[in-house]
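Containing TSV, C-alpha atoms: my_file.tsv.
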```tsv
chain	number	residue	atom	x	y	z
A	61	MET	CA	6.27	-63.74	62.72
A	62	VAL	CA	4.15	-66.74	61.75
A	63	SER	CA	5.71	-70.17	62.27
A	64	MET	CA	4.46	-72.76	59.81
A	65	PRO	CA	2.93	-75.26	59.50
A	66	GLU	CA	1.57	-74.63	63.01
A	67	GLY	CA	0.42	-71.09	62.16
A	68	THR	CA	1.72	-69.67	65.44
A	69	VAL	CA	1.86	-65.86	65.43
A	70	THR	CA	4.64	-64.19	67.44
A	71	ARG	CA	5.42	-60.48	67.80
A	72	THR	CA	9.08	-59.72	68.29
A	73	HIS	CA	11.90	-57.28	67.50
A	74	VAL	CA	13.82	-57.29	64.22
A	75	SER	CA	16.95	-58.59	65.96
A	76	GLU	CA	15.06	-61.66	67.19
A	77	ALA	CA	13.51	-62.11	63.76
A	78	ARG	CA	17.03	-62.38	62.37
A	79	THR	CA	17.74	-65.26	64.75
A	80	HIS	CA	14.56	-67.06	63.75
A	81	LEU	CA	15.36	-66.60	60.04
A	82	ALA	CA	18.66	-68.39	60.55
A	83	ALA	CA	17.12	-71.28	62.52
A	84	SER	CA	13.55	-71.83	61.28
A	85	ARG	CA	12.66	-73.98	58.28
A	86	PHE	CA	9.26	-72.48	57.36
A	87	LEU	CA	8.53	-68.96	58.49
A	88	LEU	CA	6.65	-65.78	57.56
A	89	VAL	CA	8.20	-62.58	58.87
A	90	ASP	CA	6.05	-59.48	58.44
A	91	ILE	CA	7.71	-56.14	59.22
A	92	GLU	CA	5.54	-53.05	59.62
A	93	LEU	CA	7.50	-49.81	59.30
A	94	PRO	CA	6.16	-46.46	60.57
A	95	GLU	CA	4.30	-44.29	58.08
A	96	GLU	CA	5.72	-41.02	59.42
A	97	GLY	CA	8.33	-39.20	57.39
A	98	PRO	CA	11.51	-37.53	58.69
A	99	PRO	CA	11.27	-34.97	61.54
A	100	PRO	CA	10.54	-31.34	60.63
A	101	ASP	CA	14.07	-30.12	61.37
A	102	GLY	CA	15.58	-32.85	59.22
A	103	ARG	CA	17.87	-34.10	62.03
A	104	PRO	CA	16.92	-37.58	63.27
A	105	SER	CA	17.60	-38.60	66.84
A	106	GLY	CA	20.05	-41.33	67.87
A	107	ALA	CA	17.35	-44.00	67.95
A	108	GLU	CA	16.11	-42.88	64.54
A	109	ARG	CA	19.65	-43.01	63.14
A	110	SER	CA	20.00	-46.59	64.29
A	111	ALA	CA	16.61	-47.39	62.75
A	112	GLU	CA	17.83	-45.93	59.46
A	113	GLN	CA	20.20	-48.86	58.96
A	114	PRO	CA	19.26	-50.90	55.88
A	115	LEU	CA	16.64	-53.48	56.74
A	116	ALA	CA	18.58	-56.10	54.81
A	117	HIS	CA	21.51	-55.52	57.20
A	118	LEU	CA	19.30	-55.86	60.29
A	119	LEU	CA	17.91	-59.16	58.97
A	120	GLY	CA	21.30	-60.52	57.89
A	121	LEU	CA	20.52	-60.35	54.17
A	122	GLU	CA	23.48	-58.23	53.04
A	123	ALA	CA	24.64	-60.85	50.54
A	124	GLU	CA	21.19	-61.31	48.95
A	125	GLY	CA	21.23	-58.12	46.84
A	126	VAL	CA	18.15	-56.62	48.47
A	127	ALA	CA	19.55	-53.41	49.92
A	128	TRP	CA	16.35	-51.70	48.71
A	129	LEU	CA	14.17	-53.85	50.99
A	130	GLY	CA	11.87	-51.57	52.98
A	131	ARG	CA	13.06	-48.43	51.21
A	132	GLU	CA	10.29	-45.97	50.42
A	133	GLY	CA	9.49	-45.05	46.83
A	134	GLU	CA	10.69	-48.28	45.19
A	135	PRO	CA	9.07	-49.02	41.80
A	136	ALA	CA	7.31	-52.28	40.98
A	137	ARG	CA	9.84	-55.11	40.94
A	138	ALA	CA	9.97	-58.86	40.30
A	139	GLU	CA	13.30	-60.64	40.07
A	140	PHE	CA	14.88	-63.99	40.83
A	141	LEU	CA	18.16	-63.94	42.76
A	142	GLY	CA	19.48	-67.47	42.44
A	143	ASP	CA	17.58	-69.54	45.01
A	144	SER	CA	15.52	-66.54	46.18
A	145	ALA	CA	13.15	-63.99	44.66
A	146	ALA	CA	12.25	-60.38	45.47
A	147	PHE	CA	9.10	-58.42	44.69
A	148	VAL	CA	7.68	-54.95	45.15
A	149	VAL	CA	3.94	-55.60	45.04
A	150	PRO	CA	1.41	-52.76	44.58
A	151	MET	CA	-1.89	-52.95	46.43
A	152	ILE	CA	-4.89	-50.77	47.30
A	153	GLN	CA	-5.03	-49.67	50.92
A	154	GLU	CA	-7.85	-47.32	51.97
A	155	ALA	CA	-8.39	-46.04	48.40
A	156	ARG	CA	-4.68	-45.28	47.89
A	157	ILE	CA	-1.89	-47.23	46.26
A	158	THR	CA	0.83	-48.62	48.55
A	159	HIS	CA	3.52	-51.26	48.10
A	160	VAL	CA	4.55	-54.40	49.95
A	161	HIS	CA	8.17	-55.56	49.63
A	162	ALA	CA	8.52	-59.34	49.60
A	163	PHE	CA	11.63	-61.53	49.76
A	164	VAL	CA	11.23	-65.30	49.55
A	165	THR	CA	13.56	-68.27	49.82
A	166	GLU	CA	12.94	-71.98	50.21
A	167	ARG	CA	12.75	-71.54	54.01
A	168	TYR	CA	10.98	-68.23	54.66
A	169	LEU	CA	8.99	-65.29	53.31
A	170	ILE	CA	9.71	-61.73	54.45
A	171	THR	CA	7.18	-58.95	53.84
A	172	VAL	CA	7.85	-55.27	54.54
A	173	HIS	CA	5.35	-52.42	54.38
A	174	ARG	CA	4.68	-49.01	55.89
A	175	GLY	CA	1.63	-48.90	58.10
A	176	PRO	CA	-1.00	-51.66	58.23
A	177	ALA	CA	-1.35	-53.84	55.13
A	178	GLY	CA	-4.67	-55.52	54.49
A	179	PRO	CA	-3.35	-58.27	52.16
A	180	VAL	CA	-0.72	-59.34	54.71
A	181	ARG	CA	-3.35	-59.51	57.44
A	182	SER	CA	-5.60	-61.56	55.17
A	183	LEU	CA	-2.68	-63.86	54.37
A	184	THR	CA	-1.89	-64.33	58.05
A	185	ALA	CA	-5.52	-65.22	58.73
A	186	ARG	CA	-5.59	-67.76	55.87
A	187	LEU	CA	-2.40	-69.60	56.77
A	188	PRO	CA	-3.75	-71.74	59.65
A	189	HIS	CA	-6.62	-72.94	57.43
A	190	GLU	CA	-4.96	-73.33	54.03
A	191	ARG	CA	-1.54	-74.51	55.32
A	192	PRO	CA	0.55	-73.86	52.18
A	193	PRO	CA	3.24	-76.51	51.65
A	194	ASP	CA	6.17	-74.10	51.43
A	195	SER	CA	7.15	-70.44	51.46
A	196	VAL	CA	6.77	-70.09	47.67
A	197	ALA	CA	3.12	-71.15	47.86
A	198	MET	CA	2.74	-68.64	50.68
A	199	LEU	CA	4.20	-65.95	48.39
A	200	PHE	CA	1.61	-66.68	45.69
A	201	LEU	CA	-1.14	-66.37	48.29
A	202	LEU	CA	0.22	-62.91	49.10
A	203	LEU	CA	0.37	-61.94	45.42
A	204	GLU	CA	-3.24	-63.04	44.93
A	205	GLU	CA	-4.34	-61.06	48.00
A	206	ALA	CA	-2.72	-57.94	46.54
A	207	LEU	CA	-4.46	-58.54	43.19
A	208	ASP	CA	-7.75	-58.94	45.02
A	209	THR	CA	-7.46	-55.39	46.37
A	210	PHE	CA	-7.31	-54.10	42.78
A	211	ARG	CA	-10.27	-56.26	41.79
A	212	ARG	CA	-12.42	-55.03	44.66
A	213	SER	CA	-11.56	-51.41	43.97
A	214	ALA	CA	-12.27	-51.77	40.23
A	215	VAL	CA	-15.59	-53.60	40.73
A	216	GLU	CA	-16.73	-51.10	43.35
A	217	ALA	CA	-15.94	-48.19	41.03
A	218	LEU	CA	-17.60	-49.97	38.08
A	219	LEU	CA	-20.84	-50.42	40.02
A	220	GLU	CA	-20.69	-46.77	41.02
A	221	VAL	CA	-20.34	-45.75	37.37
A	222	GLU	CA	-23.37	-47.88	36.43
A	223	ASP	CA	-25.48	-46.35	39.20
A	224	LEU	CA	-24.32	-42.88	38.24
A	225	GLU	CA	-25.29	-43.46	34.62
A	226	ASP	CA	-28.79	-44.52	35.73
A	227	GLU	CA	-29.07	-41.35	37.81
A	228	MET	CA	-28.07	-39.23	34.82
A	229	PHE	CA	-30.88	-40.65	32.68
A	230	ARG	CA	-33.38	-40.00	35.46
A	231	GLN	CA	-32.25	-36.46	36.28
A	232	ARG	CA	-28.98	-34.95	35.15
A	233	VAL	CA	-27.15	-32.61	37.55
A	234	PRO	CA	-23.76	-30.87	37.17
A	235	GLN	CA	-22.27	-32.91	40.06
A	236	HIS	CA	-22.38	-35.99	37.85
A	237	VAL	CA	-19.47	-34.63	35.81
A	238	TYR	CA	-17.26	-34.33	38.89
A	239	ARG	CA	-18.12	-37.84	40.08
A	240	LEU	CA	-17.46	-39.29	36.63
A	241	ALA	CA	-14.11	-37.52	36.43
A	242	ARG	CA	-13.16	-38.90	39.85
A	243	LEU	CA	-14.08	-42.45	38.82
A	244	ARG	CA	-12.25	-42.14	35.52
A	245	ARG	CA	-9.16	-40.96	37.39
A	246	ARG	CA	-9.43	-43.93	39.75
A	247	GLY	CA	-9.50	-46.30	36.79
A	248	ALA	CA	-6.42	-44.62	35.31
A	249	LEU	CA	-4.54	-44.85	38.62
A	250	LEU	CA	-5.39	-48.52	39.02
A	251	HIS	CA	-4.27	-49.27	35.47
A	252	HIS	CA	-1.04	-47.28	35.72
A	253	ALA	CA	-0.15	-48.88	39.06
A	254	LEU	CA	-0.91	-52.48	38.08
A	255	LEU	CA	0.19	-52.71	34.45
A	256	PRO	CA	3.99	-52.15	34.96
A	257	TYR	CA	3.98	-54.65	37.82
A	258	LEU	CA	2.15	-57.28	35.75
A	259	GLN	CA	4.55	-56.75	32.88
A	260	VAL	CA	7.63	-57.47	35.00
A	261	THR	CA	6.03	-60.41	36.82
A	262	ASP	CA	4.74	-61.94	33.58
A	263	GLU	CA	8.18	-61.66	32.03
A	264	ILE	CA	9.97	-63.19	35.01
A	265	PHE	CA	7.46	-66.01	35.50
A	266	THR	CA	7.41	-66.88	31.81
A	267	ARG	CA	11.20	-67.00	31.68
A	268	ARG	CA	11.27	-69.07	34.87
A	269	MET	CA	8.70	-71.56	33.60
A	270	MET	CA	10.84	-72.15	30.52
A	271	ASN	CA	13.53	-73.51	32.84
A	272	PRO	CA	13.31	-77.33	32.89
A	273	GLY	CA	14.25	-77.35	36.56
A	274	PHE	CA	11.22	-75.29	37.60
A	275	PRO	CA	8.89	-77.68	39.54
A	276	GLU	CA	5.54	-78.51	37.97
A	277	GLU	CA	3.52	-77.45	41.05
A	278	ARG	CA	5.14	-74.02	40.99
A	279	GLN	CA	4.49	-73.70	37.27
A	280	LYS	CA	0.82	-74.28	38.05
A	281	LEU	CA	0.92	-71.59	40.74
A	282	ALA	CA	2.53	-69.17	38.29
A	283	ARG	CA	-0.01	-69.93	35.53
A	284	ASP	CA	-2.94	-69.52	37.91
A	285	TYR	CA	-1.50	-66.21	39.08
A	286	GLN	CA	-1.02	-64.95	35.52
A	287	HIS	CA	-4.61	-65.92	34.67
A	288	THR	CA	-5.94	-64.10	37.73
A	289	ALA	CA	-3.81	-61.04	36.92
A	290	ARG	CA	-5.25	-60.85	33.40
A	291	LEU	CA	-8.79	-61.04	34.78
A	292	VAL	CA	-8.09	-58.21	37.22
A	293	LEU	CA	-6.59	-56.10	34.44
A	294	THR	CA	-9.72	-56.79	32.38
A	295	ASP	CA	-11.88	-55.53	35.26
A	296	ILE	CA	-9.87	-52.31	35.39
A	297	GLU	CA	-10.17	-51.84	31.63
A	298	SER	CA	-13.92	-52.44	31.94
A	299	LEU	CA	-14.02	-49.64	34.50
A	300	GLN	CA	-12.20	-47.31	32.12
A	301	ASN	CA	-14.54	-48.20	29.25
A	302	ALA	CA	-17.60	-47.71	31.45
A	303	ALA	CA	-16.36	-44.28	32.56
A	304	ARG	CA	-15.81	-43.25	28.93
A	305	ARG	CA	-19.26	-44.55	28.00
A	306	ALA	CA	-20.83	-42.62	30.88
A	307	PHE	CA	-19.12	-39.43	29.72
A	308	ALA	CA	-20.45	-40.06	26.22
A	309	SER	CA	-23.95	-40.58	27.65
A	310	TYR	CA	-23.67	-37.34	29.58
A	311	SER	CA	-22.61	-35.50	26.42
A	312	SER	CA	-25.51	-37.04	24.53
A	313	LEU	CA	-27.96	-35.88	27.18
A	314	VAL	CA	-26.55	-32.36	27.04
A	315	SER	CA	-26.73	-32.38	23.24
A	316	GLY	CA	-30.33	-33.62	23.35
A	317	GLU	CA	-31.33	-30.80	25.70
A	318	GLN	CA	-29.59	-28.27	23.48
A	319	ASN	CA	-31.42	-29.65	20.44
A	320	ASN	CA	-34.75	-29.26	22.24
A	321	VAL	CA	-33.93	-25.64	23.04
A	322	ILE	CA	-32.95	-25.00	19.43
A	323	ASN	CA	-36.20	-26.61	18.24
A	324	ARG	CA	-38.22	-24.34	20.51
A	325	LEU	CA	-36.34	-21.30	19.27
A	326	ALA	CA	-36.95	-22.39	15.67
A	327	ILE	CA	-40.70	-22.71	16.30
A	328	VAL	CA	-40.84	-19.32	17.99
A	329	SER	CA	-38.91	-17.83	15.09
A	330	THR	CA	-41.30	-19.42	12.60
A	331	ILE	CA	-44.22	-17.74	14.35
A	332	PHE	CA	-42.77	-14.32	14.99
A	333	LEU	CA	-40.55	-13.77	11.95
A	334	PRO	CA	-43.47	-12.87	9.61
A	335	LEU	CA	-44.95	-10.67	12.36
A	336	THR	CA	-41.64	-8.89	12.77
A	337	PHE	CA	-41.43	-8.39	9.00
A	338	LEU	CA	-44.90	-6.85	8.85
A	339	THR	CA	-44.20	-4.61	11.83
A	340	GLY	CA	-40.99	-3.39	10.28
A	341	PHE	CA	-42.54	-2.91	6.84
A	342	PHE	CA	-45.48	-0.81	8.00
A	343	GLY	CA	-43.24	1.13	10.33
A	344	MET	CA	-41.23	2.55	7.40
A	345	ASN	CA	-41.78	6.24	6.66
A	346	PHE	CA	-42.89	6.07	2.96
A	347	THR	CA	-45.17	8.70	1.49
A	348	TYR	CA	-47.72	6.13	0.37
A	349	LEU	CA	-47.88	4.58	3.83
A	350	THR	CA	-48.24	7.92	5.59
A	351	ASP	CA	-50.63	9.61	3.09
A	352	GLU	CA	-52.82	6.83	1.68
A	353	LEU	CA	-53.16	4.26	4.47
A	354	GLU	CA	-54.72	6.59	7.02
A	355	SER	CA	-58.13	5.04	7.74
A	356	ARG	CA	-58.79	2.86	10.81
A	357	GLY	CA	-60.18	0.01	8.67
A	358	ILE	CA	-57.04	-0.27	6.59
A	359	PHE	CA	-54.98	-0.24	9.78
A	360	TRP	CA	-56.90	-3.19	11.26
A	361	LEU	CA	-56.86	-5.02	7.97
A	362	LEU	CA	-53.17	-4.68	7.21
A	363	ALA	CA	-51.53	-4.25	10.59
A	364	VAL	CA	-53.55	-6.79	12.56
A	365	GLY	CA	-55.35	-8.91	9.97
A	366	LEU	CA	-52.18	-9.87	8.09
A	367	GLN	CA	-50.48	-10.79	11.34
A	368	VAL	CA	-53.35	-13.03	12.38
A	369	VAL	CA	-53.35	-14.67	8.93
A	370	PHE	CA	-49.61	-15.33	9.09
A	371	LEU	CA	-49.94	-16.66	12.64
A	372	LEU	CA	-52.66	-19.10	11.58
A	373	ILE	CA	-50.63	-20.23	8.57
A	374	ALA	CA	-47.58	-20.84	10.81
A	375	LEU	CA	-49.61	-22.85	13.34
A	376	TYR	CA	-51.18	-24.89	10.55
A	377	ALA	CA	-47.75	-25.64	9.07
A	378	LEU	CA	-46.44	-26.75	12.47
A	379	HIS	CA	-49.47	-28.99	12.94
A	380	ARG	CA	-49.18	-30.57	9.50
A	381	THR	CA	-45.46	-31.26	9.91
A	382	ARG	CA	-46.05	-32.63	13.44
A	383	LEU	CA	-43.26	-30.47	14.84
A	384	TRP	CA	-45.51	-29.16	17.59
A	385	ARG	CA	-46.42	-32.68	18.72
A	386	LYS	CA	-42.77	-33.77	18.65
A	387	LEU	CA	-41.77	-30.75	20.72
A	388	ARG	CA	-44.54	-31.48	23.22
A	389	ASP	CA	-43.47	-35.15	23.52
A	390	ASP	CA	-39.82	-34.14	24.04
A	391	GLY	CA	-40.84	-31.68	26.73
A	392	SER	CA	-42.91	-34.30	28.57
A	393	THR	CA	-39.99	-36.73	28.40
A	394	ASP	CA	-37.66	-34.15	29.95
A	395	VAL	CA	-40.11	-33.57	32.79
A	396	GLN	CA	-40.32	-37.30	33.53
```
Once more with this new file: its structure as structure tokens, please.
Amino acid sequence: MVSMPEGTVTRTHVSEARTHLAASRFLLVDIELPEEGPPPDGRPSGAERSAEQPLAHLLGLEAEGVAWLGREGEPARAEFLGDSAAFVVPMIQEARITHVHAFVTERYLITVHRGPAGPVRSLTARLPHERPPDSVAMLFLLLEEALDTFRRSAVEALLEVEDLEDEMFRQRVPQHVYRLARLRRRGALLHHALLPYLQVTDEIFTRRMMNPGFPEERQKLARDYQHTARLVLTDIESLQNAARRAFASYSSLVSGEQNNVINRLAIVSTIFLPLTFLTGFFGMNFTYLTDELESRGIFWLLAVGLQVVFLLIALYALHRTRLWRKLRDDGSTDVQ
């Protein structure tokens, strides 16, 4: 628990937290649930059965309509419940997507998560310095901390894509495809995790701001949060676009190498096709070829002389059309 505005941190049991919720006027209660799943045999012990009671019941929130609070597998959520509000906030924790459950009233903010939560720790560290005026302002600090985890993950992946693209142009290796696929998948996961949450929060905040009774300072907090959320979503979309561009660059490099190979094959074919024709022609068993062309001079003239002539003509044609120079320049570029 964090008592505000003093910023005093206290570790206690859930039962004591319930007492503080009923008495305190400005409080942050952070509940960290274990990450472990059910036991292998599927039969929890007595202590585990008592721990399986709904968290809302343990905190005295049965009438608030938050029976899902702390329940694993809850989808993204943002809803106002009269004088309170409840959220299921996605965040990035150690390269995986987790969720923080948040319930806020005018007097307190309750956060629930499984295992350590970086945004909640960052929020707890900021409270003594920023001293938010109420629990709602504290909630928006938490929402911005969760958005910041998406921003950091997207920017880190975007820089990795840029570096990977530079490496591909220097020297392409097959591992680049795997790394690009992994980064593209990360961008898709970030987008699919954040977009539904932003849709529900944008809808609920917009509807709430249309209420004349919504205070002006909270409208500003909501507008600032929506602006930040759009910027983070833009960063994620930039990551997706960069990954697609990198894949296109990789395909272009592969196509360029294939074109160079085809050009080399075409040049070789240009040189050896006439030679192959002459070899095949004089290898046919015609009477004229076997009876008349028997002298050694005719053999050197036709069999070798014609091939040399055709070879010189082919090399001259390649030189005049500058294909040989282009092929040499492409080869030197590949080596660099």
Closest contacts (region 123-219 of chain A/region 266-286 of chain A, max 8 Å, only C-alpha atoms) as a tab-separated table:
```
residue	atom	partner	partner_atom	distance
A:Val196	CA	A:Arg278	CA	7.9
A:Ala197	CA	A:Leu281	CA	7.5
A:Phe200	CA	A:Leu281	CA	7.0
A:Leu203	CA	A:Tyr285	CA	7.9
A:Glu204	CA	A:Tyr285	CA	6.9
```
- Any idea what's packed within 8 Å of region 240-256 of chain A, counting only C-alpha atoms, ignoring anything in its chain fewer than 3 positions away? Could you give it as a PyMOL selection string? chain A and resi 136+150+157+210+214+217+221+224+236-237+259-260+293+296-297+299-300+303-304+306-307
- Quote the spacing between CA of Leu371 (chain A) and CA of Leu325 (chain A) in Å to one decimal place. 15.8 Å
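Among A:Val148, A:Ile358, A:Ala308, A:Ile327, the residue with the shortest atom-to-atom distance to Leu258 (chain A), counting all atoms listed in the file, is A:Val148.
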- Query: Using only C-alpha atoms, which of the listed residues (A:Ala145, A:Tyr257, A:Pro94, A:Leu372) sits closest to Phe332 (chain A)?
  - Reply: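 Answer, going by the shortest atom-to-atom distance: A:Leu372.
Counting all atoms listed in the file and comparing A:Ser311, A:Ser329, A:Thr184, A:Thr261, the residue that lies closest to Val149 (chain A) is A:Thr261.
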- Message: Taking (18.2, -64.0, 59.3) in the coordinates of the supplied file, I want to know which residues reach to within 8 Å of it, counting only C-alpha atoms; could you give the answer as a VMD selection string?
- Response: chain A and resid 77 to 82 119 to 121
- Item | Nearest to Gly175 (chain A) by atom-to-atom distance, counting all atoms listed in the file, from A:Leu93, A:Leu118, A:Ile373, A:Leu207 | A:Leu93
- To one decimal in Å, tell me the separation between CA of Val126 (chain A) and CA of Ala155 (chain A).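 That distance, rounded to one decimal, is 28.6 Å.
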- Item | Pick from A:Val62, A:Ala326, A:Gly365, A:Gly142 nearest to Ala185 (chain A), counting only C-alpha atoms |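 Smallest distance to Ala185 (chain A) is found for A:Val62.
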- Query: What gap, in Å, lies between CA of Thr209 (chain A) and CA of Ala177 (chain A)?
  - Reply: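 Between CA of Thr209 (chain A) and CA of Ala177 (chain A) the gap works out to 10.8 Å.
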- Which of these residues is nearest to Ile152 (chain A), using all atoms listed in the file: A:Glu263, A:Glu122, A:Asp208, A:Glu132?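 Closest to Ile152 (chain A) of all the choices is A:Asp208.
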- Residue neighbourhood Glu92 (chain A), 7 Å, all atoms listed in the file, exclusion window fewer than 4 positions, as a VMD selection string: chain A and resid 172 to 176
- Item | Residues near Phe370 (chain A), cut-off 10 Å, all atoms listed in the file, skip fewer than 5 positions along chain, as JSON, numbers by chain | {"A": [330, 331, 332, 333, 334, 335, 338, 365, 375, 376]}
